[in-house]
Structure formats: structure tokens, C-alpha cells
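The structure appears below as C-alpha cells.
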Amino acid sequence: MLKIDDLRVSLEEEEKQIIKGLSLSINPGEVHAIMGPNGSGKSTLSSVLAGKDGYIVDSGTVKYDGSDLLETEVEKRAALGVFMAFQYPIEIPGVGNMNFLRTALNSQRKTRGQEELNAADFLKLVRSIAKDLEISDEMMKRPVNVGASGGEKKRNEILQMCLLEPKFVILDETDSGLDVDAMKLVSKGVNSFSSSSRSFLVITHYQRLLNYIVPDFVHIMVDGRIVKTGDKSLALHVEETGYKNFLQLGKEKH
Amino acid sequence: MNYVNTSDWYNSLRREFEISGLGIEKVSRRSEYWRKSNLDIVSDFSQDNSQIDLTNLKGTSLHEPDLIVHGDILESVTERNYQVLNIMDVIADEKSFAKDFFGRLEKKSQNIVPRPLARDNTLNPKVGYVFSLSDSFNKPLVIHNKTDTSVSGSFQRNLIVIKEDVEATIIETGNNLSVFNEVTEIYLEKNAKLNYLDLTGENNVSPKIAHKFCDMAENSSFNHFGLRLNTKATRSEIELHLNGKGISTSIANVCILNKKHHYSDENVLINHNAPECKSRQVFKSIIENDSTSIVRGKIYVASEAQKTDGYQSSRSLLLSENSKFFCKPELEIYADDVICSHGSTSSSLDRESLFYLLSRGVHKNKAKEMLAVAFISEALEEIEDESIKSALSNYLDVWISSFFHE
């Protein structure tokens, strides 16, 4: 589904390479977790995959379902099934949440050549998802994320995911700022959404989220590259020993 | 010197105003009130109207008109239970109630800001409506400025008196085809309320200046909403005198320009002369393609106007590098127990918000459109009447959509 090959990425504003030769293959139905210390390039990776500007791809390729993801427009990536749950979801005053969700869904359907969903069907769909995630009607009526707590914003991201039904999901530090109850709710949403045809890339600093969203593979990212790959036990190991043992691995690979 | 068909009171006022008018600073680039502005309004502006496609000039017409101003003719279209007079009949009438009101506010408005064009209007009215309202009307009064190529430039002079406890809404629509100078003097008695929506000027290529001067008594309320959609050279001058306790007022403006060398020029002066009054000013401008939006907003607080609450916000969304926004927010405060604030920003579309929408699959033009609609929403929120607000909001959604899909 997703194949990253020797990716190198720098910041646009300063000549500093953040991702320094990263390769990763994700097959349909797999859950991959990337863990790493602050500044290791985890969020840069998710931003580049989602298509955020401000980065320069120095070399390497990213293939998604056979097509060149890095050459694909941001909105086209979404229509192709790529979704990133933001670490810090944006507040957009003046844009109603419902209007935003419906426009997003129908824009994607239009891009894919599907018929637009009518207002009644849309409402029914969005209400049932909101109910599962315990998102209130009042919250749905507000402008996008305005006045929402950290937990509400993250739940709103998961609601968007369930509504838009992407094939490849990046969860960018979705656990940050969540209490245990909110994390359970978010994980429940993710787990009920997962299927044999969907893949996840879970980016996190801590192991605790991986108790709820269980990964098939865990990658440790240090200084812009993956230095070790294992199964979920690797995450538990990191939780006990920290990242310091891996920092040396990062240096050796230079 | 006497004037044909005018009353003695008007003739004597005219003589007095003509002489004192000599001292009013003329319109020029040197004047701080005209710097950066478009001066077409005072140039020898004669244009060939025969080439203008009137279908594109009909302007914003969301509502059926009650009154049509057509050149120097004032035409009443609907039946109402109050009388609307033509200003030309009023200044000819020795006993008109208007003699206690006409010109008084124009004269007062010259105290701080020189307004030479308002004085020209006082000396040369050609058409206009006058009414004194003793009962509230439920339906808005819609005044439409009708354009056709036979009409030359005009001085429109209006006078509105709203009696105690009476509420009214006026919507002004349509356009002008040549130089147009309008002065409206408004008197609000105790507890009176006037909502005024100026929806003129859409795609207008002819220069226009509209003055509104308003005297407000205790607990009265004046809410003004202005809309500027691709106006070539429109200037508005509003001056309010808050003379009694508990007055509230809101001045909001939405300006959207994307045609080369188009200007919208908003000038507001709010005089807080009494305690415990509240004023709000909200300006939103979306500008592109070498067009210019200007906002000069001043709050004056006299020493006796304690507990004044004054707010002013002027924000612009610049969609191209050569679009211009000039803003001059001013506070002049002589009282010590007041809350007054002003803020002004200029920016392009927020990249983070745009990325968020795109990342959810919203098409780029649609995403920009959504953010632009969101940007002006704060100004639209100033409109109290929900049905007018929603009609206008729908109208602007379509307008902004065409802006991004041209």
C-alpha cells in the first residue's frame, strides 16, 4: 500500500535535513507504530506524507498504491484515501463543523467520480458516528474545533476519519493531551474502523497508546531514520529503558 | 440673492452656509482625510455611459423596492401609512417641520473633519426623501437607486426623524451611473432605533460619496451595515453624536474588491458625548488585484462620557501582493473610566487552516472560498435581523464563490 524508499527531507526555511534516509513498507491491514525521542523527525514524516508545505524532499520516493504520493496534490491525496489525524487540530472560526464535514466528504466523492451524499443521508451518517464517539450536538454545531478541549479536538479528528473512510491513516501523536478515558474512546474508534484493507501509521512518543491500538510492527526512529524494527514487545522495551540505548544506533548509521 | 422655489428659511440657511463653507478645507491629497483615497469624486468626471452594460450594473437587489430614486425623481412604489416627502418640496415649504433639522447635523459634522462635499450637497440638493416616523414599521423600507444612461450626476439629500420608542429598518440598494453625492441627516429620539443597510455600489464604476450624520438621544440605537462589492470609487462618511445615556451603536462593513484600481473608502467618527454608551465598529475587507480598501475609524470620548465602551476592529484579507489596505484607527479620550479598544490586521489566507481543509479533500478553490466566507462572518453577525442576515449571507456566498472560480 505504502512504500517509502530512502527518503531524505529538509526544512524549507533552514538548510537542515530532518529525515535522513528512511525506508518503510506498509501492507494493507497492517498497523505500524513509529516511536522516537523529540526531534527525531516523526512529525516531519507525517507532515510530508500528508503534503504540508515548508519541506523540501531532497531524494527518495513514496509510492502509494503504485502512484507517486509526493507529486500528488494534498486534496487529491485525501481523495485517494490518505488521512492524517493532526497532532494539533486547527480551529477555524466562521466555518461550521457540519458544513466543513459535508463539503469534505462530497469533495472527495466528486474527485473520485462518485455521487454526492444528500443532506439527509449525510446527517444520519454523521450523527451515528458522533454518537459512538460521544460528541455532542452542540459541539457539531460549532465552528470547526472552536472552543473545543484537547480531547474533543482529537475525537473530532477520529470522527472525520470514520466519515471520510480513508485507506491509509496517519495518527500523529493522537495520544498527546488525552486523559485515559479520552484515549480509550479514541482507540475504540480507531479499532472499530480498522479492517484488512486499511493500514495505520501510528506516531507516538509514549508506549501507552499502543496498549489500546496494538501494532503489528514497531519502528524506533532516531535522528531522521529507523534504527530498529520489532513487534509490540519493542515498544514495551522502550517504555522500560527509554530511548538512550537507541541514540547510539542513530550515530553509528551516519 | 433669492432662489427660485425655495423657502425663506432655506434661502437664509443657504446664504449662511455658503459663506461659512468658504473656510472648509477642500478635498486634496494633502488632507489627512483624503490621503491614499480615490479623488475621482472631485475630478471632472465625465464618462461615456453608452458603452456600459446596465445588466451588470443593477447592483445588489435582494428586496423589492418601496421607493425608487431615479435621477431627480422620487417615485413611491408601495402604499405606506406614513408620508415620504421629496426634499425639493420640503425646502420650498415655509412651514415644513424640516426647517428645525435640515443642515444642522451637516454643520456640526464640520467641527472635527472637513467635509466640503457634504457642504456642496447642502447648497445644491436635487432629490431625496424626508420622513418623520411616529409609528414603528414591521417591514423594512427599501430605497432603490435606479440607474439608466439618461441620468446625470446628482446630489441626493435625505432627512430621517425617528420619534420616541419607534423602530425602523431601511435598506438602500441599487447604483449610480455618474458622480453621486449623498447626505442623510438622521435624528433619533429617546429609545428610537434605526437599522440601516447600505447595499449599494455593487460593480459600480461611477464615483460616489455617501454621508450619514446621526444625532442620538438617550437609549437610542443605530446600526449601520455597509456592503462594497467591486465598487470603483465609493466613499462613505459616517458621524454619530451619542448625546444621551445608554445609547448603543454598531457600524459594520464588508468590502470585497478584485478589480484593478477599485477603491472602497470608509470613514467613521463616533462622538461619545454622554456616559454609559456603547459603540462597535467591525470592518472586513477582502482585496485582490491592485485594489484598495481604506478605513479611518475614530472614537472620540468627551470628559463627561464615563463608562464608555468603544470597540473597533478592522481586518483585511490580502489575496494578492499588490492589493492594498490602509487603516487609521484613532482614539481620542478625555474621560478616565472607559473601555476602548482598536485592532487592525492585514494578512493572507491562513496557511494552516487552508492545509487542514485541503488535507480533508476539500478542493483548493472551495477551501479558499470557505475561509473567505468565514473571514467576513464577524461583520455579518452585526446584523440583528435574522432573515436579512441570512439572505445577505447566501447572496455573499454566491458572490465569493464566483470570486474564486472566475
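FYI, nothing fancy with the C-alpha cells labels: chains A, B, ... in order, residues from 1 per chain, ligands from 1 as they appear.
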Can you list, as a PDB file with C-alpha atoms, in the first residue's frame, every protein, DNA or RNA residue that comes within 10 Å of Ile158 of chain A when you count only C-alpha atoms, leaving out same-chain residues fewer than 2 positions away?
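Full text of selection-v9.pdb as output:
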ATOM      1  CA  MET A  84      -3.704  12.333   8.833  1.00  0.00           C
ATOM      2  CA  ALA A  85      -5.162  12.910  12.288  1.00  0.00           C
ATOM      3  CA  PHE A  86      -3.436  16.130  13.361  1.00  0.00           C
ATOM      4  CA  ILE A 129     -20.531   8.386  14.215  1.00  0.00           C
ATOM      5  CA  ALA A 130     -20.740  11.340  16.617  1.00  0.00           C
ATOM      6  CA  LEU A 133     -17.506   8.977  19.890  1.00  0.00           C
ATOM      7  CA  GLU A 152     -12.807  16.997  21.915  1.00  0.00           C
ATOM      8  CA  LYS A 153     -10.492  18.071  19.113  1.00  0.00           C
ATOM      9  CA  LYS A 154      -8.887  14.633  18.921  1.00  0.00           C
ATOM     10  CA  ARG A 155     -12.302  12.963  18.915  1.00  0.00           C
ATOM     11  CA  ASN A 156     -13.310  15.295  16.112  1.00  0.00           C
ATOM     12  CA  GLN A 160     -13.564  12.880  10.353  1.00  0.00           C
ATOM     13  CA  MET A 161     -11.628   9.655   9.798  1.00  0.00           C
ATOM     14  CA  CYS A 162     -14.714   7.466  10.266  1.00  0.00           C
ATOM     15  CA  LEU A 163     -16.763   9.717   7.996  1.00  0.00           C
ATOM     16  CA  LEU A 164     -14.211  10.002   5.193  1.00  0.00           C
ATOM     17  CA  LEU A 171      -2.231   9.136  13.663  1.00  0.00           C
ATOM     18  CA  THR A 174      -3.063  11.390  18.730  1.00  0.00           C
ATOM     19  CA  LEU A 185     -12.661   6.380  23.376  1.00  0.00           C
ATOM     20  CA  VAL A 186     -10.316   7.401  20.577  1.00  0.00           C
ATOM     21  CA  SER A 187      -8.743   3.927  20.453  1.00  0.00           C
ATOM     22  CA  LYS A 188     -12.164   2.312  20.346  1.00  0.00           C
ATOM     23  CA  GLY A 189     -12.999   4.496  17.347  1.00  0.00           C
ATOM     24  CA  VAL A 190      -9.775   3.524  15.607  1.00  0.00           C
ATOM     25  CA  PHE A 193     -12.581   1.321  11.981  1.00  0.00           C
TER      26      PHE A 193
END
key: Residue neighbourhood segment 23-27 of chain A, 12 Å, only C-alpha atoms, exclusion window fewer than 6 positions, as a ChimeraX atom specification   = /A:1-8,33-34,45,59-65,167-170,196-202,215-221,224-229
key: Proximity to Ser76 of chain B - best of B:Leu229, B:Ala374, B:Leu331, B:Val142, only C-alpha atoms   =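 Smallest separation from Ser76 of chain B among the options: B:Val142.
The nearest approach to Glu266 of chain B among the residues B:Glu381, B:Glu239, B:Glu288, B:Glu25, with only C-alpha atoms taken into account, belongs to B:Glu239.
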ask   = Which polymer residues have any atom within 9 Å of an atom of Ala168 of chain B, counting only C-alpha atoms, with same-chain residues fewer than 6 positions away left out, as a ChimeraX atom specification?
value = /B:133,135-141,162,192-196
Dump N, CA and C atoms for the selected residues as an mmCIF file, in the first residue's frame?
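Below you can see part-v4.cif, which holds the result:
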data_model
loop_
_atom_site.group_PDB
_atom_site.id
_atom_site.type_symbol
_atom_site.label_atom_id
_atom_site.label_comp_id
_atom_site.auth_asym_id
_atom_site.auth_seq_id
_atom_site.Cartn_x
_atom_site.Cartn_y
_atom_site.Cartn_z
ATOM 1 N N LEU B 133 -41.047 59.630 11.467
ATOM 2 C CA LEU B 133 -41.752 58.389 11.757
ATOM 3 C C LEU B 133 -42.259 58.378 13.203
ATOM 4 N N ASP B 135 -44.674 55.912 14.163
ATOM 5 C CA ASP B 135 -45.025 54.529 14.494
ATOM 6 C C ASP B 135 -43.984 53.591 13.895
ATOM 7 N N SER B 136 -43.711 52.499 14.610
ATOM 8 C CA SER B 136 -42.749 51.533 14.087
ATOM 9 C C SER B 136 -43.325 50.847 12.858
ATOM 10 N N PHE B 137 -42.503 50.501 11.915
ATOM 11 C CA PHE B 137 -42.995 49.645 10.838
ATOM 12 C C PHE B 137 -42.278 48.312 10.865
ATOM 13 N N ASN B 138 -43.054 47.263 10.613
ATOM 14 C CA ASN B 138 -42.513 45.916 10.738
ATOM 15 C C ASN B 138 -41.609 45.569 9.574
ATOM 16 N N LYS B 139 -42.031 46.061 8.402
ATOM 17 C CA LYS B 139 -41.312 45.717 7.184
ATOM 18 C C LYS B 139 -40.216 46.751 6.937
ATOM 19 N N PRO B 140 -39.043 46.341 6.470
ATOM 20 C CA PRO B 140 -38.028 47.347 6.148
ATOM 21 C C PRO B 140 -38.495 48.265 5.010
ATOM 22 N N LEU B 141 -38.055 49.503 5.056
ATOM 23 C CA LEU B 141 -38.298 50.414 3.934
ATOM 24 C C LEU B 141 -37.127 50.229 2.965
ATOM 25 N N ILE B 162 -36.775 59.834 13.602
ATOM 26 C CA ILE B 162 -37.457 58.699 14.224
ATOM 27 C C ILE B 162 -37.866 59.127 15.630
ATOM 28 N N ALA B 192 -35.440 55.457 20.367
ATOM 29 C CA ALA B 192 -35.681 55.149 18.943
ATOM 30 C C ALA B 192 -34.571 54.228 18.440
ATOM 31 N N LYS B 193 -34.904 53.502 17.371
ATOM 32 C CA LYS B 193 -33.904 52.589 16.839
ATOM 33 C C LYS B 193 -33.961 52.571 15.317
ATOM 34 N N LEU B 194 -32.800 52.674 14.701
ATOM 35 C CA LEU B 194 -32.747 52.591 13.237
ATOM 36 C C LEU B 194 -31.660 51.608 12.816
ATOM 37 N N ASN B 195 -32.065 50.632 12.002
ATOM 38 C CA ASN B 195 -31.100 49.748 11.348
ATOM 39 C C ASN B 195 -30.995 50.208 9.901
ATOM 40 N N TYR B 196 -29.806 50.508 9.459
ATOM 41 C CA TYR B 196 -29.639 50.996 8.091
ATOM 42 C C TYR B 196 -28.661 50.076 7.359
#
query = If we count only C-alpha atoms, which residues of chain A reach to within 9 Å of chain B? Please list them as a PyMOL selection string.
reply = chain A and resi 50-53+73-79+82-84+86+89-96+100-101+103-108+111+160+164
ask   = Leaving out segment 106-121 of chain B and any residue of its chain fewer than 5 positions from it, which residues lie within 6 Å of it when counting only C-alpha atoms, given as a list of chain:residue names?
value = B:Ile24, B:Glu25, B:Lys26, B:Phe155
task = Quote the spacing between atom CA of Val161 of chain B and atom CA of Arg104 of chain B in Å to one decimal place.
result = 12.8 Å
inquiry  = Need to verify the contact set: Asn253 of chain B, 12 Å, only C-alpha atoms, exclusion of same-chain residues closer than 6 positions in sequence. Can you return it as a PyMOL selection string?
reply    = chain B and resi 196-199+223-229+236+238+264-268+280-286+293-295+297+312-316+376-383
task = Write out as a count of residues only all residues of segment 19-228 of chain A that DSSP puts in helix (DSSP H, G or I) for this structure's backbone.
result = 86
request  = Run DSSP on the backbone and grab whatever in segment 114-191 of chain A lands in strand (DSSP E); send it over as a VMD selection string.
outcome  = chain A and resid 143 to 144 168 to 172
For N, CA and C atoms, I'd like the residues from the last selection saved as a short mmCIF file (atom, residue, chain, number, x, y, z; two decimals), in the first residue's frame.
data_model
loop_
_atom_site.label_atom_id
_atom_site.label_comp_id
_atom_site.auth_asym_id
_atom_site.auth_seq_id
_atom_site.Cartn_x
_atom_site.Cartn_y
_atom_site.Cartn_z
N PRO A 143 -18.28 26.22 15.09
CA PRO A 143 -17.27 26.28 14.04
C PRO A 143 -16.18 25.24 14.31
N VAL A 144 -15.48 24.80 13.28
CA VAL A 144 -14.52 23.71 13.37
C VAL A 144 -13.55 23.89 14.56
N PHE A 168 -5.53 4.69 4.21
CA PHE A 168 -4.26 4.78 4.94
C PHE A 168 -4.34 5.94 5.93
N VAL A 169 -4.19 5.61 7.20
CA VAL A 169 -4.39 6.62 8.25
C VAL A 169 -3.08 6.86 9.01
N ILE A 170 -2.73 8.14 9.14
CA ILE A 170 -1.59 8.50 9.98
C ILE A 170 -2.16 9.12 11.26
N LEU A 171 -1.82 8.54 12.39
CA LEU A 171 -2.23 9.14 13.66
C LEU A 171 -1.01 9.83 14.24
N ASP A 172 -0.99 11.17 14.12
CA ASP A 172 0.20 11.92 14.55
C ASP A 172 0.05 12.32 16.02
#
key: Glu185 of chain B surroundings by only C-alpha atoms, 9 Å radius, close-in-sequence under 2 positions cut, as a PyMOL selection string   = chain B and resi 101-106+157-161+183+187+211-215
Create the file for the chosen residues now, containing N, CA and C atoms and written as a short mmCIF file (atom, residue, chain, number, x, y, z; two decimals), in the first residue's frame.
data_model
loop_
_atom_site.label_atom_id
_atom_site.label_comp_id
_atom_site.auth_asym_id
_atom_site.auth_seq_id
_atom_site.Cartn_x
_atom_site.Cartn_y
_atom_site.Cartn_z
N PHE B 101 -34.46 70.93 11.41
CA PHE B 101 -33.49 69.82 11.31
C PHE B 101 -32.48 69.98 10.17
N PHE B 102 -32.96 70.48 9.04
CA PHE B 102 -32.14 70.49 7.82
C PHE B 102 -30.82 71.24 8.04
N GLY B 103 -29.73 70.59 7.71
CA GLY B 103 -28.42 71.25 7.72
C GLY B 103 -27.74 71.28 9.08
N ARG B 104 -28.50 71.04 10.14
CA ARG B 104 -27.94 71.17 11.48
C ARG B 104 -26.80 70.17 11.70
N LEU B 105 -27.05 68.93 11.29
CA LEU B 105 -26.03 67.90 11.51
C LEU B 105 -24.85 68.03 10.55
N GLU B 106 -25.16 68.49 9.34
CA GLU B 106 -24.07 68.71 8.39
C GLU B 106 -23.12 69.76 8.96
N ARG B 157 -30.30 64.35 -1.06
CA ARG B 157 -30.31 64.84 0.32
C ARG B 157 -31.50 64.23 1.05
N ASN B 158 -31.22 63.52 2.12
CA ASN B 158 -32.29 62.84 2.84
C ASN B 158 -32.35 63.31 4.29
N LEU B 159 -33.53 63.22 4.85
CA LEU B 159 -33.72 63.60 6.25
C LEU B 159 -34.65 62.59 6.91
N ILE B 160 -34.18 62.00 7.99
CA ILE B 160 -34.99 61.00 8.68
C ILE B 160 -35.12 61.41 10.14
N VAL B 161 -36.34 61.44 10.63
CA VAL B 161 -36.56 61.68 12.06
C VAL B 161 -37.31 60.48 12.60
N VAL B 183 -26.19 62.96 1.12
CA VAL B 183 -26.11 63.29 2.55
C VAL B 183 -27.42 62.87 3.20
N TYR B 187 -32.14 61.83 12.83
CA TYR B 187 -32.35 62.23 14.22
C TYR B 187 -33.10 61.11 14.93
N HIS B 211 -22.73 60.43 2.80
CA HIS B 211 -22.53 60.88 4.18
C HIS B 211 -23.75 60.49 5.00
N LYS B 212 -23.50 60.04 6.20
CA LYS B 212 -24.62 59.85 7.13
C LYS B 212 -24.25 60.48 8.45
N PHE B 213 -25.10 61.43 8.88
CA PHE B 213 -24.85 62.11 10.14
C PHE B 213 -26.03 61.80 11.05
N CYS B 214 -25.73 61.41 12.28
CA CYS B 214 -26.83 60.96 13.13
C CYS B 214 -26.72 61.54 14.53
N ASP B 215 -27.81 62.15 15.00
CA ASP B 215 -27.91 62.68 16.35
C ASP B 215 -28.73 61.69 17.17
#
ask   = Interatomic distance between atom CA of Lys163 of chain B and atom CA of Ala210 of chain B?
value =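 Taking atom CA of Lys163 of chain B and atom CA of Ala210 of chain B, their separation equals 23.7 Å.
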message = Can you measure atom CA of Leu319 of chain B to atom CA of Glu71 of chain A for me? One decimal in Å is fine.
response =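 One can read the atom CA of Leu319 of chain B to atom CA of Glu71 of chain A distance as 25.5 Å.
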